[in-house]
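As stored in data.cif (mmCIF, C-alpha atoms (C1' of nucleotides)):
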```cif
data_entry
loop_
_atom_site.label_atom_id
_atom_site.label_comp_id
_atom_site.auth_asym_id
_atom_site.auth_seq_id
_atom_site.Cartn_x
_atom_site.Cartn_y
_atom_site.Cartn_z
CA MET A 1 42.34 1.29 4.64
CA GLY A 2 41.88 4.08 2.13
CA GLY A 3 38.10 4.01 1.92
CA LEU A 4 35.63 1.52 0.58
CA SER A 5 33.60 1.46 -2.59
CA ILE A 6 29.88 1.00 -2.50
CA GLY A 7 30.30 -2.52 -3.77
CA GLN A 8 32.63 -3.41 -0.95
CA VAL A 9 30.29 -1.95 1.60
CA ALA A 10 27.42 -3.89 0.05
CA GLU A 11 29.41 -7.06 0.39
CA ARG A 12 30.34 -6.40 4.00
CA THR A 13 26.98 -5.27 5.21
CA GLY A 14 24.77 -7.52 3.14
CA LEU A 15 22.82 -4.52 1.90
CA SER A 16 22.47 -4.11 -1.84
CA VAL A 17 24.14 -1.18 -3.55
CA HIS A 18 20.66 0.04 -4.31
CA ALA A 19 19.77 -0.09 -0.64
CA LEU A 20 22.95 1.75 0.27
CA ARG A 21 22.16 4.61 -2.07
CA PHE A 22 18.59 4.54 -0.87
CA TYR A 23 19.64 4.76 2.77
CA GLU A 24 21.85 7.69 1.95
CA ARG A 25 19.07 9.51 0.13
CA GLU A 26 16.84 8.82 3.09
CA GLY A 27 19.29 10.48 5.41
CA LEU A 28 20.22 7.39 7.38
CA LEU A 29 23.93 7.98 7.33
CA ALA A 30 25.51 9.86 10.18
CA ASP A 31 28.37 11.30 8.15
CA THR A 32 27.89 12.56 4.63
CA VAL A 33 29.64 10.11 2.36
CA ARG A 34 32.71 11.52 0.70
CA ARG A 35 33.11 11.30 -3.04
CA GLU A 36 36.02 10.67 -5.32
CA SER A 37 36.76 13.21 -8.00
CA ASN A 38 34.64 11.17 -10.39
CA GLY A 39 31.67 11.27 -8.05
CA ARG A 40 31.96 7.77 -6.66
CA ARG A 41 31.17 7.23 -3.03
CA VAL A 42 33.97 6.52 -0.61
CA TYR A 43 32.91 4.88 2.62
CA THR A 44 34.87 4.61 5.82
CA GLU A 45 34.94 1.80 8.34
CA ASP A 46 32.87 4.03 10.58
CA ASP A 47 30.20 4.12 7.91
CA VAL A 48 30.19 0.35 7.87
CA ASP A 49 29.86 0.28 11.65
CA TRP A 50 27.03 2.76 11.51
CA LEU A 51 25.28 0.78 8.80
CA THR A 52 25.69 -2.38 10.80
CA MET A 53 23.93 -0.70 13.65
CA CYS A 54 21.20 0.54 11.33
CA ILE A 55 20.70 -3.01 10.16
CA ARG A 56 20.29 -4.08 13.75
CA PHE A 57 17.72 -1.36 14.26
CA ARG A 58 15.89 -2.36 11.11
CA SER A 59 15.86 -6.04 11.83
CA SER A 60 14.42 -5.33 15.22
CA GLY A 61 11.59 -3.47 13.57
CA MET A 62 12.64 0.13 13.87
CA PRO A 63 11.12 2.05 10.96
CA LEU A 64 13.43 4.02 8.68
CA ASP A 65 11.77 7.13 9.94
CA THR A 66 12.92 6.52 13.47
CA ILE A 67 16.40 5.63 12.35
CA ARG A 68 16.44 8.92 10.51
CA ARG A 69 15.43 10.78 13.65
CA TYR A 70 18.17 9.07 15.61
CA THR A 71 20.66 9.86 12.87
CA GLU A 72 19.69 13.49 12.97
CA LEU A 73 20.25 13.63 16.70
CA VAL A 74 23.68 12.16 16.28
CA ARG A 75 24.47 14.57 13.46
CA GLN A 76 23.49 17.48 15.64
CA GLY A 77 26.32 16.50 17.93
CA ALA A 78 26.60 16.58 21.68
CA GLY A 79 23.87 18.01 23.84
CA ASN A 80 20.89 15.85 22.97
CA GLU A 81 21.98 12.62 24.59
CA ALA A 82 18.82 12.53 26.65
CA ASP A 83 16.76 12.50 23.46
CA ARG A 84 18.84 9.72 21.98
CA LEU A 85 18.49 7.78 25.18
CA ALA A 86 14.73 8.21 25.16
CA LEU A 87 14.54 7.00 21.60
CA LEU A 88 16.70 3.99 22.33
CA LYS A 89 14.78 3.10 25.46
CA SER A 90 11.53 3.31 23.63
CA HIS A 91 12.82 0.97 21.00
CA GLN A 92 14.17 -1.32 23.66
CA ASP A 93 10.68 -1.58 25.11
CA HIS A 94 9.35 -2.25 21.69
CA VAL A 95 11.81 -5.05 21.08
CA ARG A 96 11.06 -6.62 24.43
CA ALA A 97 7.37 -6.52 23.64
CA GLN A 98 8.01 -8.16 20.30
CA ILE A 99 9.97 -10.94 21.93
CA GLU A 100 7.21 -11.51 24.41
CA GLU A 101 4.62 -11.59 21.66
CA LEU A 102 6.69 -14.00 19.63
CA ASN A 103 7.10 -16.25 22.62
CA GLU A 104 3.36 -16.42 23.05
CA CYS A 105 2.95 -17.23 19.40
CA LEU A 106 5.64 -19.83 19.66
CA ASN A 107 3.78 -21.50 22.49
CA VAL A 108 0.61 -21.70 20.45
CA ILE A 109 2.46 -23.03 17.44
CA THR A 110 4.42 -25.51 19.47
CA PHE A 111 1.20 -26.77 20.98
CA LYS A 112 -0.26 -27.29 17.54
CA VAL A 113 2.90 -28.97 16.35
CA HIS A 114 2.65 -31.45 19.20
CA ILE A 115 -0.93 -32.24 18.37
CA TYR A 116 -0.19 -32.76 14.72
CA GLN A 117 2.90 -34.76 15.49
CA GLN A 118 0.86 -37.19 17.56
CA HIS A 119 -1.84 -37.21 14.91
CA VAL A 120 0.63 -37.93 12.15
CA ASP A 121 2.40 -40.63 14.13
CA ALA A 122 -0.89 -42.26 14.95
CA GLY A 123 -2.17 -41.60 11.45
CA THR A 124 0.73 -43.41 9.90
CA ALA A 125 -0.03 -46.34 12.13
CA ASP A 126 -3.69 -46.06 11.16
CA CYS A 127 -2.83 -46.29 7.54
CA LEU A 128 -0.93 -49.45 8.25
CA TRP A 129 -3.06 -51.18 10.82
CA VAL A 130 -6.63 -50.00 10.77
CA THR A 131 -9.27 -48.95 8.28
CA PRO A 132 -9.39 -45.30 7.11
CA SER A 133 -11.81 -42.63 8.31
CA THR A 134 -10.68 -42.99 11.92
CA GLN A 135 -9.96 -39.29 11.82
CA ALA A 136 -11.44 -36.04 12.97
CA ALA A 137 -9.95 -32.66 12.26
CA SER A 138 -9.53 -31.02 15.63
CA GLU A 139 -8.73 -27.71 13.98
CA ALA A 140 -10.58 -25.60 16.53
CA SER A 141 -7.99 -25.75 19.27
CA MET B 1 -25.14 -17.79 20.42
CA GLY B 2 -26.94 -17.32 17.12
CA GLY B 3 -24.01 -16.05 15.11
CA LEU B 4 -22.02 -12.86 15.14
CA SER B 5 -22.07 -9.84 12.90
CA ILE B 6 -18.92 -8.57 11.26
CA GLY B 7 -18.90 -5.67 13.69
CA GLN B 8 -18.96 -7.98 16.67
CA VAL B 9 -16.18 -10.08 15.26
CA ALA B 10 -14.15 -6.96 14.60
CA GLU B 11 -14.62 -5.96 18.20
CA ARG B 12 -13.63 -9.36 19.54
CA THR B 13 -10.65 -9.96 17.33
CA GLY B 14 -9.33 -6.45 17.08
CA LEU B 15 -9.35 -6.66 13.30
CA SER B 16 -11.16 -3.95 11.40
CA VAL B 17 -14.29 -4.84 9.45
CA HIS B 18 -12.28 -3.96 6.38
CA ALA B 19 -9.60 -6.42 7.33
CA LEU B 20 -12.19 -9.11 8.01
CA ARG B 21 -13.66 -8.75 4.55
CA PHE B 22 -10.18 -8.60 3.11
CA TYR B 23 -9.14 -11.80 4.87
CA GLU B 24 -12.23 -13.51 3.57
CA ARG B 25 -11.54 -12.41 0.01
CA GLU B 26 -7.99 -13.64 0.42
CA GLY B 27 -9.23 -17.08 1.37
CA LEU B 28 -7.97 -17.06 4.92
CA LEU B 29 -11.12 -18.42 6.49
CA ALA B 30 -11.44 -22.14 6.98
CA ASP B 31 -15.23 -22.22 6.70
CA THR B 32 -17.09 -20.14 4.17
CA VAL B 33 -18.91 -17.50 6.10
CA ARG B 34 -22.67 -17.91 6.06
CA ARG B 35 -24.89 -15.03 5.06
CA GLU B 36 -28.22 -13.74 6.24
CA SER B 37 -30.99 -13.36 3.71
CA ASN B 38 -29.94 -9.75 3.22
CA GLY B 39 -26.37 -10.76 2.43
CA ARG B 40 -24.83 -9.87 5.75
CA ARG B 41 -22.12 -12.13 7.08
CA VAL B 42 -22.85 -14.38 10.02
CA TYR B 43 -19.80 -15.58 11.88
CA THR B 44 -19.58 -18.45 14.35
CA GLU B 45 -17.45 -18.74 17.44
CA ASP B 46 -15.29 -21.15 15.46
CA ASP B 47 -14.62 -18.39 12.97
CA VAL B 48 -13.49 -16.17 15.80
CA ASP B 49 -11.20 -18.91 17.08
CA TRP B 50 -9.79 -19.43 13.63
CA LEU B 51 -9.23 -15.73 13.18
CA THR B 52 -7.54 -15.53 16.54
CA MET B 53 -5.13 -18.17 15.36
CA CYS B 54 -4.59 -16.34 12.09
CA ILE B 55 -3.73 -13.24 14.06
CA ARG B 56 -1.16 -15.23 15.99
CA PHE B 57 0.30 -16.45 12.75
CA ARG B 58 0.37 -12.97 11.32
CA SER B 59 1.89 -11.33 14.32
CA SER B 60 4.63 -13.91 14.27
CA GLY B 61 5.42 -12.94 10.73
CA MET B 62 3.65 -15.59 8.70
CA PRO B 63 2.71 -14.06 5.35
CA LEU B 64 -0.91 -14.15 4.27
CA ASP B 65 0.12 -16.44 1.48
CA THR B 66 1.28 -19.10 3.90
CA ILE B 67 -1.79 -18.72 6.04
CA ARG B 68 -3.79 -19.26 2.88
CA ARG B 69 -1.91 -22.46 2.13
CA TYR B 70 -2.51 -23.71 5.64
CA THR B 71 -6.16 -22.79 5.37
CA GLU B 72 -6.45 -24.72 2.15
CA LEU B 73 -4.94 -27.78 3.74
CA VAL B 74 -7.45 -27.59 6.56
CA ARG B 75 -10.28 -27.09 4.13
CA GLN B 76 -9.26 -30.17 2.20
CA GLY B 77 -9.97 -32.16 5.33
CA ALA B 78 -8.21 -35.13 6.83
CA GLY B 79 -5.32 -36.81 5.07
CA ASN B 80 -2.78 -34.01 4.79
CA GLU B 81 -1.79 -33.71 8.41
CA ALA B 82 1.84 -34.30 7.54
CA ASP B 83 1.76 -31.28 5.24
CA ARG B 84 0.18 -29.11 7.90
CA LEU B 85 2.76 -30.31 10.38
CA ALA B 86 5.58 -29.47 7.99
CA LEU B 87 4.20 -26.00 7.48
CA LEU B 88 3.80 -25.42 11.19
CA LYS B 89 7.24 -26.73 11.98
CA SER B 90 8.79 -24.52 9.37
CA HIS B 91 7.06 -21.53 10.85
CA GLN B 92 8.10 -22.60 14.31
CA ASP B 93 11.71 -22.52 13.17
CA HIS B 94 11.15 -19.15 11.67
CA VAL B 95 9.72 -17.76 14.89
CA ARG B 96 12.58 -19.16 16.91
CA ALA B 97 15.05 -17.54 14.56
CA GLN B 98 13.23 -14.25 14.89
CA ILE B 99 13.38 -14.44 18.66
CA GLU B 100 17.07 -15.16 18.54
CA GLU B 101 17.68 -12.26 16.19
CA LEU B 102 15.66 -9.94 18.38
CA ASN B 103 17.60 -11.01 21.42
CA GLU B 104 20.85 -10.12 19.71
CA CYS B 105 19.44 -6.75 18.75
CA LEU B 106 18.20 -6.25 22.25
CA ASN B 107 21.70 -6.83 23.58
CA VAL B 108 23.16 -4.23 21.29
CA ILE B 109 20.46 -1.74 22.15
CA THR B 110 20.71 -2.40 25.84
CA PHE B 111 24.42 -1.82 25.64
CA LYS B 112 23.89 1.51 23.97
CA VAL B 113 21.22 2.43 26.48
CA HIS B 114 23.66 1.82 29.29
CA ILE B 115 26.27 3.99 27.67
CA TYR B 116 23.88 6.82 27.10
CA GLN B 117 22.42 6.46 30.55
CA GLN B 118 25.85 6.96 32.07
CA HIS B 119 26.56 9.77 29.68
CA VAL B 120 23.33 11.52 30.50
CA ASP B 121 23.76 11.07 34.24
CA ALA B 122 27.28 12.41 34.02
CA GLY B 123 26.21 15.06 31.54
CA THR B 124 23.62 16.46 33.87
CA ALA B 125 26.26 16.68 36.53
CA ASP B 126 28.59 18.32 34.01
CA CYS B 127 26.05 20.98 33.26
CA LEU B 128 25.82 21.68 36.94
CA TRP B 129 29.40 21.38 38.08
CA VAL B 130 31.84 21.82 35.26
CA THR B 131 32.28 23.87 32.12
CA PRO B 132 30.72 22.67 28.89
CA SER B 133 32.53 20.92 26.02
CA THR B 134 33.64 18.09 28.26
CA GLN B 135 31.92 15.80 25.80
CA ALA B 136 32.79 13.48 22.95
CA ALA B 137 30.25 11.59 20.92
CA SER B 138 31.24 7.95 21.15
CA GLU B 139 28.75 7.01 18.46
CA ALA B 140 30.96 4.43 16.79
CA SER B 141 30.43 1.65 19.30
"C1'" DC C 1 40.25 0.59 -29.67
"C1'" DT C 2 36.87 -1.79 -27.65
"C1'" DA C 3 34.31 -4.43 -24.32
"C1'" DG C 4 33.19 -5.17 -19.45
"C1'" DG C 5 32.28 -3.91 -15.22
"C1'" DA C 6 31.51 -0.78 -11.54
"C1'" DG C 7 29.71 3.41 -10.45
"C1'" DC C 8 26.44 7.59 -10.99
"C1'" DT C 9 21.36 10.04 -10.90
"C1'" DA C 10 16.51 10.40 -11.20
"C1'" DG C 11 12.69 8.26 -10.90
"C1'" DA C 12 9.44 4.34 -11.83
"C1'" DG C 13 7.76 -0.02 -10.06
"C1'" DC C 14 6.76 -3.66 -6.81
"C1'" DG C 15 5.17 -6.85 -2.98
"C1'" DC C 16 2.74 -6.86 1.03
"C1'" DT C 17 -0.92 -5.69 3.95
"C1'" DG C 18 -4.21 -3.47 4.73
"C1'" DT C 19 -7.47 0.94 4.51
"C1'" DC C 20 -10.70 3.78 2.52
"C1'" DT C 21 -14.21 5.46 -0.91
"C1'" DA C 22 -18.24 5.44 -3.69
"C1'" DG C 23 -22.47 4.11 -4.11
"C1'" DG C 24 -25.91 1.26 -2.48
"C1'" DT C 25 -29.32 -1.81 0.75
"C1'" DC C 26 -31.76 -2.53 4.84
"C1'" DA C 27 -33.89 -2.11 9.58
"C1'" DA C 28 -34.98 0.47 13.57
"C1'" DG C 29 -36.04 4.71 16.01
"C1'" DT C 30 -38.44 9.55 16.26
"C1'" DA D 1 -41.25 10.37 6.20
"C1'" DC D 2 -36.64 10.79 7.57
"C1'" DT D 3 -32.38 9.97 9.74
"C1'" DT D 4 -29.00 7.00 11.51
"C1'" DG D 5 -26.07 3.30 11.55
"C1'" DA D 6 -24.54 -1.13 10.30
"C1'" DC D 7 -23.76 -3.65 6.52
"C1'" DC D 8 -22.80 -4.82 1.32
"C1'" DT D 9 -19.47 -4.85 -3.23
"C1'" DA D 10 -15.83 -3.46 -6.22
"C1'" DG D 11 -12.04 -1.33 -6.61
"C1'" DA D 12 -8.85 2.63 -5.80
"C1'" DC D 13 -5.27 4.17 -2.76
"C1'" DA D 14 -1.59 4.17 0.81
"C1'" DG D 15 2.67 3.31 3.51
"C1'" DC D 16 6.77 0.92 3.88
"C1'" DG D 17 11.03 -0.66 2.22
"C1'" DC D 18 13.28 -1.56 -1.01
"C1'" DT D 19 14.46 -2.89 -6.17
"C1'" DC D 20 15.09 -2.01 -10.75
"C1'" DT D 21 15.58 0.67 -15.17
"C1'" DA D 22 17.31 4.04 -18.31
"C1'" DG D 23 20.84 6.43 -19.70
"C1'" DC D 24 25.08 8.05 -18.53
"C1'" DT D 25 30.51 8.25 -17.07
"C1'" DC D 26 34.65 6.12 -15.94
"C1'" DC D 27 38.52 2.86 -15.69
"C1'" DT D 28 40.95 -1.27 -16.85
"C1'" DA D 29 42.19 -5.38 -19.41
"C1'" DG D 30 42.74 -7.60 -23.75
#
```
In structure tokens, what does this structure look like?
Amino acid sequence: MGGLSIGQVAERTGLSVHALRFYEREGLLADTVRRESNGRRVYTEDDVDWLTMCIRFRSSGMPLDTIRRYTELVRQGAGNEADRLALLKSHQDHVRAQIEELNECLNVITFKVHIYQQHVDAGTADCLWVTPSTQAASEAS
Amino acid sequence: MGGLSIGQVAERTGLSVHALRFYEREGLLADTVRRESNGRRVYTEDDVDWLTMCIRFRSSGMPLDTIRRYTELVRQGAGNEADRLALLKSHQDHVRAQIEELNECLNVITFKVHIYQQHVDAGTADCLWVTPSTQAASEAS
DNA sequence: CTAGGAGCTAGAGCGCTGTCTAGGTCAAGT
DNA sequence: ACTTGACCTAGACAGCGCTCTAGCTCCTAG
């Protein structure tokens, strides 16, 4: 309960210690990390929660720059909730668009997988039952 | 019908002419692009189709390296359909995982959006009807 | 007393995916 | 003749997001 070392935070979050220091330098941490007398970082559970959220942002494609802007808003304290909301909504749109895009891609890929699956199934049979060169690459679909 | 210039292909695909040359250098084109007597590239509709597919691959996160491997398989001609299928299936899994991840992120973000929406709605009212400092940043959720 | 291991800073380096520049050719329009 | 614009090559540069190194300080266990 008495604070976490950088190594522990790395373990919990999945970020490397390098990445944790990097994130701090980049101003992605809402609270400034406290230090022990010897200079070592002491993280709180809140820091871990914040980092977990940052990871979510990152893995949904939010650039570090935007995370930094959000962080700054939070650091400024109450009064700019509308700005935070705007930022979040904009990212929400972005994520939805990504999902849509990925679904389209998935359809295309799934279509190609089906074609190849049939081809391979048939091809295996070909190899067993008929002469070779019964094949045409239908790669323009 | 008599072949497309690099500029036309750029326009159709949305890739820059730079990117088109880059993709070619990187071996991402199934057919080697023909040239006019003066050295200018002449693309076919098939090239555009292929590029369109490459764009799909890219925008679903397939690295150029993997696209290159796929391209090489196609260039080798018939006989390696099982390999192509394996590659496509693996990417299919990857895309599905991405979509799942994005959906989780979207949930988190949507949750936060709701919170802030309420806060902002209430906050506006606050500004109008009550004294300030009725606020607490619930940023650890 | 010494070796290991975790931490520190500052800053270099890297992988990926383009993007842009320099310097040139060529064809068409004015 | 001259300008404009599209194209060419080779290669430098850029942005992003880490990752790693060098050289150091501590603390703890053997």
Output check: residues returned by the PyMOL selection byres ((chain B) within 9 of (chain D)), as a count of residues only: 6
Expected answer as a list of chain:residue names: chain B residues within 10 Å of chain C, only C-alpha atoms (C1' of nucleotides): B:Ser16, B:His18, B:Ala19, B:Phe22, B:Tyr23, B:Asn38, B:Gly39, B:Pro63, B:Leu64, B:Asp65
For the selection you just gave me, I'd like the residues written to a file as a PDB file, in the frame of the given file, keeping C-alpha atoms.
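Generated file (selection-v3.pdb):
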```pdb
ATOM      1  CA  SER B  16     -11.160  -3.950  11.400  1.00  0.00           C
ATOM      2  CA  HIS B  18     -12.280  -3.960   6.380  1.00  0.00           C
ATOM      3  CA  ALA B  19      -9.600  -6.420   7.330  1.00  0.00           C
ATOM      4  CA  PHE B  22     -10.180  -8.600   3.110  1.00  0.00           C
ATOM      5  CA  TYR B  23      -9.140 -11.800   4.870  1.00  0.00           C
ATOM      6  CA  ASN B  38     -29.940  -9.750   3.220  1.00  0.00           C
ATOM      7  CA  GLY B  39     -26.370 -10.760   2.430  1.00  0.00           C
ATOM      8  CA  PRO B  63       2.710 -14.060   5.350  1.00  0.00           C
ATOM      9  CA  LEU B  64      -0.910 -14.150   4.270  1.00  0.00           C
ATOM     10  CA  ASP B  65       0.120 -16.440   1.480  1.00  0.00           C
TER      11      ASP B  65
END
```
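When CA of Glu104 (chain B) is paired with CA of Gln92 (chain A), their separation reads 11.7 Å.
Picked by the PyMOL selection byres ((chain B) within 7 of (chain A)) from the coordinates shown: B:Asp46, B:Asp49, B:Trp50, B:Arg56, B:Ser60, B:Gly77, B:Ala78, B:Glu81, B:Ala82, B:Leu85, B:Leu88, B:Lys89, B:Gln92, B:Val95, B:Ile99, B:Leu102, B:Cys105, B:Leu106, B:Ile109, B:Thr110, B:Val113, B:Tyr116, B:Gln117, B:Val120, B:Gln135, B:Ala137, B:Ala140.
The two atoms in question, CA of Arg12 (chain B) and CA of Ser90 (chain A), are spaced 28.5 Å apart.
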Exercise on region 31-46 of chain A, axis-aligned box with 4 Å per side, report centre and edge lengths in Å to one decimal, as lines of an AutoDock Vina configuration file:
```
center_x = 32.3
center_y = 7.5
center_z = 0.1
size_x = 16.9
size_y = 19.4
size_z = 29.0
```
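Taking CA of Gly27 (chain A) and CA of Leu73 (chain A) as the two end points, the separation is 11.8 Å.
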Within 6 Å of file point (-10.3, -10.6, 11.1), counting only C-alpha atoms (C1' of nucleotides), expressed as a PyMOL selection string: chain B and resi 15+19-20+51
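Distances here use all atoms listed in the file; by that measure, the residue among B:Leu4, B:Val33, B:Ala10, B:Ala97 closest to Thr52 (chain B) is B:Ala10.
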